[in-house]
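Asks: One file is attached below, structure.csv, containing CSV, C-alpha atoms.
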```
chain,number,residue,atom,x,y,z
A,212,MET,CA,26.7,3.8,18.7
A,213,LYS,CA,25.6,1.9,15.6
A,214,ALA,CA,25.4,-1.8,15.5
A,215,GLN,CA,28.8,-3.6,15.1
A,216,TRP,CA,29.6,-7.0,13.7
A,217,GLU,CA,29.2,-8.8,17.0
A,218,ASN,CA,25.7,-7.3,17.4
A,219,LEU,CA,24.7,-8.5,14.0
A,220,VAL,CA,26.1,-12.0,14.6
A,221,MET,CA,24.3,-12.4,17.9
A,222,SER,CA,20.9,-11.1,16.6
A,223,SER,CA,21.2,-13.1,13.4
A,224,ILE,CA,22.0,-16.4,15.0
A,225,MET,CA,19.1,-15.9,17.4
A,226,LEU,CA,16.7,-15.3,14.5
A,227,HIS,CA,18.2,-18.3,12.6
A,228,LEU,CA,17.8,-20.7,15.5
A,229,ASP,CA,14.3,-19.4,16.4
A,230,HIS,CA,13.1,-20.0,12.8
A,231,LEU,CA,14.8,-23.4,12.7
A,232,ILE,CA,13.2,-24.6,15.9
A,233,CYS,CA,9.7,-23.2,15.2
A,234,LYS,CA,9.5,-24.3,11.5
A,235,ASP,CA,11.7,-27.4,11.1
A,236,GLY,CA,11.1,-28.6,14.6
A,237,GLU,CA,7.4,-27.5,14.7
A,238,GLY,CA,8.2,-26.1,18.1
A,239,PHE,CA,4.9,-24.2,18.7
A,240,ILE,CA,1.4,-24.6,19.9
A,241,ASN,CA,-1.5,-22.8,18.2
A,242,TYR,CA,-3.7,-21.3,20.9
A,243,SER,CA,-6.4,-18.8,21.7
A,244,GLY,CA,-6.3,-16.8,24.9
A,245,THR,CA,-6.9,-13.6,26.8
A,246,PHE,CA,-4.6,-10.6,27.3
A,247,TYR,CA,-4.5,-9.0,30.8
A,248,GLN,CA,-3.4,-5.6,31.9
A,249,THR,CA,0.1,-5.3,33.3
A,250,ARG,CA,1.9,-2.7,35.3
A,251,ALA,CA,4.6,-2.2,32.7
A,252,LYS,CA,4.2,0.7,30.3
A,253,TYR,CA,6.1,1.4,27.0
A,254,LYS,CA,6.4,5.1,26.5
A,255,GLN,CA,2.8,6.4,26.6
A,256,TYR,CA,1.2,3.0,25.8
A,257,HIS,CA,-0.9,0.8,28.0
A,258,SER,CA,0.2,-2.9,27.9
A,259,TYR,CA,-1.8,-6.1,28.1
A,260,ALA,CA,0.0,-9.4,28.2
A,261,LEU,CA,-0.6,-13.2,28.0
A,262,PRO,CA,0.1,-15.4,31.0
A,263,TYR,CA,2.9,-16.9,29.0
A,264,LYS,CA,5.4,-16.0,26.3
A,265,GLN,CA,6.7,-15.9,23.5
A,266,ILE,CA,4.4,-15.9,20.5
A,267,ILE,CA,5.4,-16.2,16.9
A,268,ALA,CA,5.7,-13.2,14.6
A,269,ASP,CA,7.4,-15.0,11.7
A,270,THR,CA,4.9,-15.6,8.9
A,271,SER,CA,7.2,-18.1,7.2
A,272,VAL,CA,6.6,-20.7,9.9
A,273,SER,CA,4.2,-23.1,8.3
A,274,GLY,CA,1.1,-23.8,10.2
A,275,ALA,CA,1.7,-21.3,12.9
A,276,ASN,CA,-0.9,-18.6,13.8
A,277,SER,CA,1.3,-15.5,13.3
A,278,MET,CA,-0.7,-12.9,15.2
A,279,GLN,CA,-1.4,-9.8,13.1
A,280,GLY,CA,-4.1,-8.3,15.2
A,281,ALA,CA,-6.4,-8.8,18.2
A,282,TYR,CA,-10.1,-9.2,19.1
A,283,ILE,CA,-11.6,-6.4,21.1
A,284,ASP,CA,-14.9,-7.5,22.6
A,285,GLY,CA,-15.0,-10.2,19.9
A,286,VAL,CA,-14.4,-8.0,16.9
A,287,PHE,CA,-11.0,-8.4,15.1
A,288,LYS,CA,-8.9,-5.2,14.9
A,289,SER,CA,-5.6,-4.7,13.0
A,290,VAL,CA,-2.8,-2.6,14.4
A,291,GLY,CA,-3.9,1.1,14.0
A,292,GLU,CA,-7.5,0.4,14.7
A,293,SER,CA,-9.4,1.1,17.9
A,294,GLY,CA,-6.3,2.2,19.8
A,295,LEU,CA,-4.2,-0.9,19.1
A,296,GLU,CA,-0.7,0.6,18.5
A,297,GLY,CA,1.4,-2.5,18.3
A,298,ILE,CA,2.1,-6.2,19.2
A,299,ILE,CA,5.3,-7.1,20.9
A,300,HIS,CA,5.4,-10.8,20.0
A,301,HIS,CA,8.5,-11.7,22.0
A,302,LYS,CA,6.8,-10.4,25.1
A,303,GLY,CA,3.3,-11.6,24.4
A,304,THR,CA,2.0,-8.1,24.8
A,305,LEU,CA,-0.5,-5.8,23.1
A,306,LEU,CA,0.0,-2.0,23.2
A,307,PHE,CA,-2.9,0.5,23.3
A,308,ASP,CA,-3.0,4.3,23.3
A,309,ASN,CA,-5.8,4.2,26.0
A,310,ASP,CA,-6.9,2.2,28.9
A,311,MET,CA,-8.7,-0.9,27.7
A,312,SER,CA,-9.4,-2.5,31.1
A,313,GLY,CA,-13.1,-2.4,30.5
A,314,HIS,CA,-12.8,-4.5,27.3
A,315,ALA,CA,-12.2,-8.2,26.6
A,316,LEU,CA,-8.9,-8.5,24.7
A,317,THR,CA,-8.3,-11.9,23.0
A,318,GLY,CA,-6.3,-13.3,20.2
A,319,ASN,CA,-5.3,-16.4,18.1
A,320,PHE,CA,-1.5,-17.0,18.2
A,321,ALA,CA,1.2,-19.6,18.2
A,322,VAL,CA,3.1,-20.0,21.5
A,323,LYS,CA,6.7,-21.1,21.1
A,324,GLU,CA,7.9,-24.2,22.9
A,325,PHE,CA,11.2,-22.5,23.5
A,326,ASN,CA,11.5,-18.8,24.3
A,327,MET,CA,14.6,-17.2,22.8
A,328,TYR,CA,16.7,-14.6,24.5
A,329,LEU,CA,20.1,-12.8,24.1
A,330,THR,CA,21.7,-12.5,27.5
A,331,THR,CA,24.8,-11.4,29.4
A,332,LYS,CA,23.8,-13.2,32.6
A,333,SER,CA,25.9,-16.0,34.1
A,334,GLU,CA,25.0,-19.6,33.5
A,335,GLN,CA,24.4,-20.0,37.2
A,336,ASP,CA,21.8,-17.2,37.3
A,337,LEU,CA,20.0,-18.7,34.3
A,338,LEU,CA,20.0,-22.2,35.6
A,339,PHE,CA,18.8,-21.4,39.1
A,340,LYS,CA,16.8,-18.2,38.8
A,341,THR,CA,14.8,-18.3,35.6
A,342,ALA,CA,11.0,-18.4,36.1
A,343,LYS,CA,8.8,-21.2,35.0
A,344,GLN,CA,6.3,-20.5,32.3
A,345,THR,CA,2.6,-21.2,32.5
A,346,ASN,CA,1.7,-24.1,30.1
A,347,PRO,CA,-0.9,-22.8,27.6
A,348,LYS,CA,-2.5,-26.3,27.5
A,349,ILE,CA,-3.8,-26.0,31.1
A,350,LYS,CA,-6.2,-23.4,32.5
A,351,GLN,CA,-4.5,-20.0,32.5
A,352,THR,CA,-4.4,-17.7,35.5
A,353,ASP,CA,-6.3,-14.4,35.2
A,354,GLU,CA,-3.2,-12.2,35.0
A,355,GLY,CA,-0.6,-11.3,32.4
A,356,LEU,CA,3.0,-12.4,32.7
A,357,ASP,CA,5.3,-9.4,33.4
A,358,PRO,CA,6.7,-8.5,30.0
A,359,ASN,CA,10.2,-8.3,31.5
A,360,THR,CA,10.0,-11.9,32.9
A,361,GLU,CA,12.4,-14.4,31.3
A,362,ALA,CA,10.6,-17.7,31.4
A,363,TYR,CA,11.5,-21.3,30.4
A,364,PRO,CA,11.4,-23.5,28.4
A,365,ALA,CA,14.0,-21.2,26.9
A,366,ILE,CA,17.2,-20.8,25.0
A,367,PHE,CA,19.6,-18.1,26.2
A,368,LEU,CA,22.3,-17.0,23.7
A,369,LYS,CA,25.5,-15.6,25.1
A,370,ASN,CA,28.5,-14.1,23.4
A,371,MET,CA,31.6,-16.0,24.7
A,372,GLY,CA,34.2,-13.9,22.9
A,373,GLY,CA,36.3,-14.6,19.8
A,374,TYR,CA,39.2,-13.3,17.8
A,375,ASN,CA,40.2,-12.3,14.3
A,376,GLN,CA,42.4,-14.7,12.3
A,377,GLU,CA,44.4,-13.5,9.3
A,378,PHE,CA,43.0,-15.1,6.2
A,379,ALA,CA,44.6,-13.3,3.2
A,380,LEU,CA,46.8,-10.5,2.2
A,381,GLY,CA,45.2,-7.1,2.0
A,382,GLY,CA,43.8,-7.0,5.5
A,383,ILE,CA,41.1,-9.7,5.1
A,384,ASP,CA,40.4,-11.4,8.4
A,385,ASN,CA,38.3,-14.4,9.4
A,386,ASN,CA,36.2,-13.1,12.3
A,387,ILE,CA,35.6,-16.0,14.7
A,388,THR,CA,32.9,-15.7,17.4
A,389,PHE,CA,32.0,-18.2,20.1
A,390,VAL,CA,28.4,-18.3,21.1
A,391,ARG,CA,26.9,-20.4,23.9
A,392,ALA,CA,23.2,-21.5,24.0
A,393,ILE,CA,22.0,-22.3,27.5
A,394,VAL,CA,19.0,-24.6,27.0
A,395,LEU,CA,16.4,-25.0,29.7
A,396,ALA,CA,13.7,-27.6,28.7
A,397,ASN,CA,10.8,-29.1,30.6
A,398,SER,CA,11.4,-32.7,29.5
A,399,ALA,CA,14.3,-34.9,28.4
A,400,PHE,CA,12.5,-35.5,25.1
A,401,SER,CA,12.3,-31.7,24.3
A,402,LEU,CA,15.9,-31.2,25.4
A,403,ASP,CA,17.2,-33.9,23.1
A,404,ALA,CA,15.0,-32.7,20.2
A,405,VAL,CA,16.1,-29.1,20.3
A,406,CYS,CA,19.7,-29.9,20.9
A,407,GLY,CA,19.6,-32.2,17.9
A,408,LEU,CA,18.2,-29.4,15.7
A,409,MET,CA,21.0,-27.0,16.9
A,410,LYS,CA,23.7,-29.6,16.3
A,411,SER,CA,22.4,-30.1,12.7
A,412,THR,CA,23.5,-26.5,11.9
A,413,SER,CA,27.2,-27.5,12.0
A,414,HIS,CA,28.9,-26.7,8.7
A,415,ARG,CA,26.0,-24.6,7.5
A,416,ASN,CA,25.7,-20.9,6.6
A,417,PHE,CA,23.1,-18.5,8.1
A,418,GLY,CA,22.1,-15.1,6.9
A,419,ILE,CA,23.2,-11.9,8.6
A,420,ILE,CA,20.2,-9.6,9.0
A,421,GLY,CA,20.8,-5.9,9.6
A,422,SER,CA,17.3,-4.6,10.2
A,423,LEU,CA,13.8,-6.0,11.1
A,424,PRO,CA,10.4,-4.6,10.2
A,425,PHE,CA,9.5,-3.6,13.8
A,426,ASN,CA,9.5,-0.2,15.5
A,427,ALA,CA,12.0,1.1,18.0
A,428,ILE,CA,10.6,-0.9,20.9
A,429,GLY,CA,10.3,-4.1,18.9
A,430,ALA,CA,6.6,-3.9,18.1
A,431,PHE,CA,4.8,-5.2,15.0
A,432,THR,CA,3.0,-2.3,13.3
A,433,ASN,CA,1.4,-4.0,10.3
A,434,VAL,CA,4.7,-4.6,8.4
A,435,THR,CA,5.0,-8.4,8.1
A,436,TYR,CA,8.0,-10.2,9.4
A,437,ASP,CA,8.9,-13.1,7.1
A,438,TYR,CA,12.4,-14.5,8.0
A,439,GLU,CA,12.8,-16.4,4.8
A,440,ALA,CA,11.9,-13.4,2.6
A,441,LEU,CA,14.4,-11.3,4.5
A,442,ILE,CA,17.2,-13.8,4.0
A,443,ALA,CA,16.3,-14.1,0.3
A,444,GLN,CA,16.7,-10.3,-0.1
A,445,ASN,CA,20.2,-10.3,1.5
A,446,PRO,CA,23.1,-9.2,-0.8
A,447,PRO,CA,25.7,-11.8,-1.7
A,448,GLY,CA,28.1,-12.4,1.1
A,449,SER,CA,25.7,-11.4,3.9
A,450,SER,CA,26.2,-14.7,5.8
A,451,ALA,CA,28.2,-16.4,8.4
A,452,TYR,CA,29.4,-20.0,8.7
A,453,ILE,CA,28.9,-22.3,11.7
A,454,ARG,CA,32.2,-24.2,11.8
A,455,ASP,CA,31.4,-26.4,14.8
A,456,VAL,CA,28.6,-27.2,17.3
A,457,ARG,CA,29.2,-29.0,20.6
A,458,MET,CA,26.6,-30.1,23.2
A,459,THR,CA,27.0,-30.8,26.9
A,460,LYS,CA,24.2,-31.9,29.1
A,461,ILE,CA,23.9,-30.5,32.7
A,462,MET,CA,23.0,-33.1,35.3
A,463,PRO,CA,21.6,-32.3,38.8
A,464,ASN,CA,24.2,-34.6,40.4
A,465,GLN,CA,27.1,-32.7,38.9
A,466,ALA,CA,29.3,-30.7,41.2
A,467,GLY,CA,27.6,-27.4,42.0
A,468,MET,CA,24.3,-28.4,40.4
A,469,GLN,CA,22.7,-30.1,43.4
A,470,ASP,CA,20.2,-27.1,43.8
A,471,LEU,CA,19.1,-27.3,40.1
A,472,ASN,CA,15.3,-27.6,39.8
A,473,LEU,CA,14.5,-31.2,39.1
A,474,ASP,CA,11.8,-30.0,36.6
A,475,VAL,CA,14.5,-28.4,34.5
A,476,PHE,CA,16.5,-30.4,31.8
A,477,ALA,CA,19.5,-28.3,30.8
A,478,ALA,CA,22.3,-28.3,28.3
A,479,PHE,CA,25.0,-26.1,26.9
A,480,VAL,CA,25.3,-25.9,23.1
A,481,ASP,CA,28.5,-24.1,21.9
A,482,PHE,CA,28.8,-22.6,18.4
A,483,GLU,CA,32.0,-21.6,16.6
A,484,ILE,CA,31.0,-19.0,14.0
A,485,HIS,CA,33.3,-17.8,11.1
A,486,ALA,CA,32.7,-14.9,8.8
A,487,PHE,CA,34.3,-12.0,7.0
A,488,GLY,CA,32.2,-9.5,8.9
A,489,GLY,CA,33.9,-6.2,8.1
A,490,ASP,CA,32.6,-6.0,4.6
A,491,LEU,CA,29.0,-5.9,5.8
A,492,LEU,CA,29.3,-2.8,8.0
```
Would you mind giving the structure from this file in structure tokens?

Replies:
Amino acid sequence: MKAQWENLVMSSIMLHLDHLICKDGEGFINYSGTFYQTRAKYKQYHSYALPYKQIIADTSVSGANSMQGAYIDGVFKSVGESGLEGIIHHKGTLLFDNDMSGHALTGNFAVKEFNMYLTTKSEQDLLFKTAKQTNPKIKQTDEGLDPNTEAYPAIFLKNMGGYNQEFALGGIDNNITFVRAIVLANSAFSLDAVCGLMKSTSHRNFGIIGSLPFNAIGAFTNVTYDYEALIAQNPPGSSAYIRDVRMTKIMPNQAGMQDLNLDVFAAFVDFEIHAFGGDLL
């Protein structure tokens, strides 16, 4: 099945918030580190991951080391060289067409302060079962984080439903979608900062992006991802409007939250999104 309006809204709001937090909020740490072999495989590829995730792919984030290649035994290689087949930035993973376990794999990259995910999981599962991420500012462990691990600090975006509202004669409807962001931070300061950024999107438009310059498994293959350039290329009307944003903090002493990890600072941020989506499909 081809992507429908709900799919485009969810992926586009995720890209918009990710860009906002990384660029305007300077929510990243430039770092250098080692990639380690993992058990996960993507098709025929051997995967090597960082002990933390996610890393920035967006070249329009000022000051961030957007990773475009890796060092093999100290020599920089672009994708397509020496068996390097791709970089999956949101998983912090390199893909090779052969076993590279006898080589030192390193890179320069920007680690996001908040990972970003789309999810269908319940809020309870996210609050109580999400793994903690290794902080890149301390000594890393000598193993890669499983590429399928969802780690915090993170923001999980969940489609909470919606409806179509008649807008004008001729079958023109206002497509209303409710999106919830479940925010898991590692400090009260970070929670307030990121929630403040998301609240600032109220009464603003964001671009709807139909395709990204990655391959079928989401890997960078030497085609640059520049969020601002993609938005600038959008045809007129390829946008949605954030009508309202509301934030609710989650406290450990609330009913049902007594088992919440005290190292987690959590909040829900709810978006009401309006658009005339049918014309974009």

Asks: Do a neighbour search on Val220 in chain A at 10 Å with only C-alpha atoms, toss out local chain neighbours closer than 5 positions, and write the hits as a list in words.

Replies: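 Counting only the stated atoms, we get Gln215, Met225, Leu226, Asn370, Thr388, Val390, Phe417, Gly418, Ile419, Ile420, Gly421, Ser450, Ala451, Ile484, His485, Ala486 and Gly488 of chain A.
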
Asks: Quick one: residues within 12 Å of Gly303 in chain A, all atoms listed in the file, excluding same-chain residues fewer than 4 positions away - as a ChimeraX atom specification?

Replies: /A:244-249,258-268,277-278,281,297-299,317-323,326,355-362,429-431

Asks: Which residues are close to Glu439 in chain A, i.e. within 10 Å by only C-alpha atoms, leaving aside same-chain residues fewer than 5 positions away? Reply as a PyMOL selection string.

Replies: chain A and resi 227+230+269-272+418+444

Asks: In Å to one decimal, how far is CA of Asp474 in chain A from CA of Cys406 in chain A?

Replies: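 CA of Asp474 in chain A lies 17.6 Å from CA of Cys406 in chain A.
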
Asks: Which distance in Å separates CA of Leu228 in chain A and CA of Met409 in chain A, to one decimal?

Replies: 7.2 Å

Asks: Have a look at A:Thr330, A:Val475, A:Phe425, A:Gly274 and name the one nearest to Gln344 in chain A; count only C-alpha atoms.

Replies: A:Val475

Asks: So how far away is CA of Ile283 in chain A from CA of Met327 in chain A, in Å?

Replies: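 Distance reported for this atom pair: 28.4 Å.
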
Asks: Name the closest residue to Phe339 in chain A among the candidates A:Tyr374, A:Phe476, A:Phe400, A:Tyr438; distances are taken between atoms, counting only C-alpha atoms.

Replies: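 Of A:Tyr374, A:Phe476, A:Phe400, A:Tyr438, the one nearest Phe339 in chain A is A:Phe476, counting only C-alpha atoms.
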
Asks: Identify, on the basis of all atoms listed in the file, every residue whose closest approach to Gly407 in chain A does not exceed 12 Å; exclude the query and any residue fewer than 3 positions from it along the same chain; express the result as a PDB file with C-alpha atoms, keeping the file's coordinate frame.

Replies:
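Final output, saved to result.pdb:
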```pdb
ATOM      1  CA  LEU A 228      17.800 -20.700  15.500  1.00  0.00           C
ATOM      2  CA  LEU A 231      14.800 -23.400  12.700  1.00  0.00           C
ATOM      3  CA  ILE A 232      13.200 -24.600  15.900  1.00  0.00           C
ATOM      4  CA  ASP A 235      11.700 -27.400  11.100  1.00  0.00           C
ATOM      5  CA  GLY A 236      11.100 -28.600  14.600  1.00  0.00           C
ATOM      6  CA  VAL A 394      19.000 -24.600  27.000  1.00  0.00           C
ATOM      7  CA  PHE A 400      12.500 -35.500  25.100  1.00  0.00           C
ATOM      8  CA  SER A 401      12.300 -31.700  24.300  1.00  0.00           C
ATOM      9  CA  LEU A 402      15.900 -31.200  25.400  1.00  0.00           C
ATOM     10  CA  ASP A 403      17.200 -33.900  23.100  1.00  0.00           C
ATOM     11  CA  ALA A 404      15.000 -32.700  20.200  1.00  0.00           C
ATOM     12  CA  LYS A 410      23.700 -29.600  16.300  1.00  0.00           C
ATOM     13  CA  SER A 411      22.400 -30.100  12.700  1.00  0.00           C
ATOM     14  CA  THR A 412      23.500 -26.500  11.900  1.00  0.00           C
ATOM     15  CA  SER A 413      27.200 -27.500  12.000  1.00  0.00           C
ATOM     16  CA  VAL A 456      28.600 -27.200  17.300  1.00  0.00           C
ATOM     17  CA  ARG A 457      29.200 -29.000  20.600  1.00  0.00           C
ATOM     18  CA  MET A 458      26.600 -30.100  23.200  1.00  0.00           C
ATOM     19  CA  THR A 459      27.000 -30.800  26.900  1.00  0.00           C
ATOM     20  CA  ALA A 478      22.300 -28.300  28.300  1.00  0.00           C
ATOM     21  CA  VAL A 480      25.300 -25.900  23.100  1.00  0.00           C
TER      22      VAL A 480
END
```

Asks: Taking into account all atoms listed in the file, which residue in the set A:Asn218, A:Ser273, A:Thr341, A:Ser289 is nearest to Cys233 in chain A?

Replies: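 Of the candidates, the smallest distance to Cys233 in chain A is held by A:Ser273.
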
Asks: At a cut-off of 12 Å, using only C-alpha atoms, what residues contact Thr331 in chain A? Leave out same-chain residues fewer than 2 positions from it and give the result as a ChimeraX atom specification.

Replies: /A:221,328-329,333-337,367-372,390-393

Asks: Give the answer as one residue: which of A:Tyr436, A:Phe482, A:His257, A:Asp455 has the shortest atom-to-atom distance to Leu305 in chain A, using only C-alpha atoms?

Replies: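 That would be A:His257, the residue with the smallest distance to Leu305 in chain A.
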